[in-house]
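Below is one structure, written out as structure tokens; the observations come after it.
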Amino acid sequence: MNKRTIALTTEQYKEIISTMKQGFSGCRPHEAAAAALMLEANLGLRISDILRLRLRDIVRDGERYRLAITEQKTGKARVFTVPLALYQFIRCYCLDHQIQEGQRIFPITERTVQRCLKLVCDYLGYTGISTHSFRKFYATEIYKHSGYNIALVQQLLQHSSAAVTQRYIGIQQRELEEAIEGHLKLEI
């Protein structure tokens, strides 16, 4: 992983996905790459695992849907709930593109997604963004919306320690900077 890869802001995420879906002068739309990155940002999986997904990997479990995979990079098994809205998005995507249950949802390569993302980021003037930025975006958003629960994010990402997760999303430095800013007493 490139340590200089940054987590996206919500605005960057929306602009990148929108631009990728619409295309621009010199770059035609790439719906598959946009959808794959959207899944990465909403599931927290690495792009290599997203590109291996098949619709049949998501199974109904009572009132919920769950996804069970073995992560390609780590070899670790991972099972988690897929929100209904996300499952419906995936299902509609598959129907729109005549993708059968046993076929890969995204029959594209990681390199294709990277190339498309680079073109869009160059066009938008963004630096330090890679496919991994979408996983970092997921981690950072979960961290913020869970009341800064680092243990939860650690578990979701399957990191070995909270310290690894803190470094991963750059929380420690941000918290230090916020503490310093919050402490300023400039009144005389």
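Identifiers in this document derive from the order of the structure tokens: chains are assigned A, B, ..., residues are numbered from 1 separately in each chain, and ligands are numbered from 1 in order of occurrence.
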
* To do: Name the residues of segment 7-100 of chain A that come out as strand (DSSP E or B) in a backbone DSSP run; write them as a list of chain:residue names.
  => A:Phe24, A:Cys27, A:Arg54, A:Ile58, A:Val59, A:Arg60, A:Asp61, A:Arg64, A:Tyr65, A:Arg66, A:Leu67, A:Ala68, A:Ile69, A:Thr70, A:Ala77, A:Arg78, A:Val79, A:Phe80, A:Thr81, A:Val82

Compile a residue-level contact table for segment 89-155 of chain A against segment 57-74 of chain A at a cut-off of 10 Å, reporting for every qualifying residue the shortest atom pair and its distance in Å to one decimal, with only C-alpha atoms counted, rows ordered by chain and ascending number, as a Markdown table.
| residue | atom | partner | partner_atom | distance |
| --- | --- | --- | --- | --- |
| A:Ile90 | CA | A:Ile58 | CA | 9.7 |
| A:Arg91 | CA | A:Ile58 | CA | 10.0 |
| A:Glu101 | CA | A:Asp57 | CA | 8.5 |
| A:Gly102 | CA | A:Asp57 | CA | 8.5 |
| A:Arg104 | CA | A:Asp57 | CA | 9.9 |

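With atom CA of Tyr138 of chain A on one side and atom CA of Gly44 of chain A on the other, the separation reads 5.5 Å.
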
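Take atom CA of Ile105 of chain A and atom CA of Cys121 of chain A: the distance between them is 24.1 Å.
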
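In this structure, atom CA of Met20 of chain A sits 14.1 Å away from atom CA of Phe134 of chain A.
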
* Per DSSP on the backbone, filter segment 55-154 of chain A down to the residues in helix (DSSP H, G or I) and report them as a VMD selection string. => chain A and resid 55 to 57 84 to 96 110 to 124 132 to 145 150 to 154

* All residues 10 Å or closer to segment 155-162 of chain A, only C-alpha atoms, same chain fewer than 2 positions away omitted, as an NGL selection string -> :A and (43-46 or 74 or 76-80 or 135-136 or 138-139 or 142 or 149-153 or 164-168)

* So which residues touch segment 21-25 of chain A within 12 Å, counting only C-alpha atoms, skipping near sequence neighbours fewer than 2 positions away, as a VMD selection string? -> chain A and resid 14 to 19 27 to 38 116 to 117 119 to 124
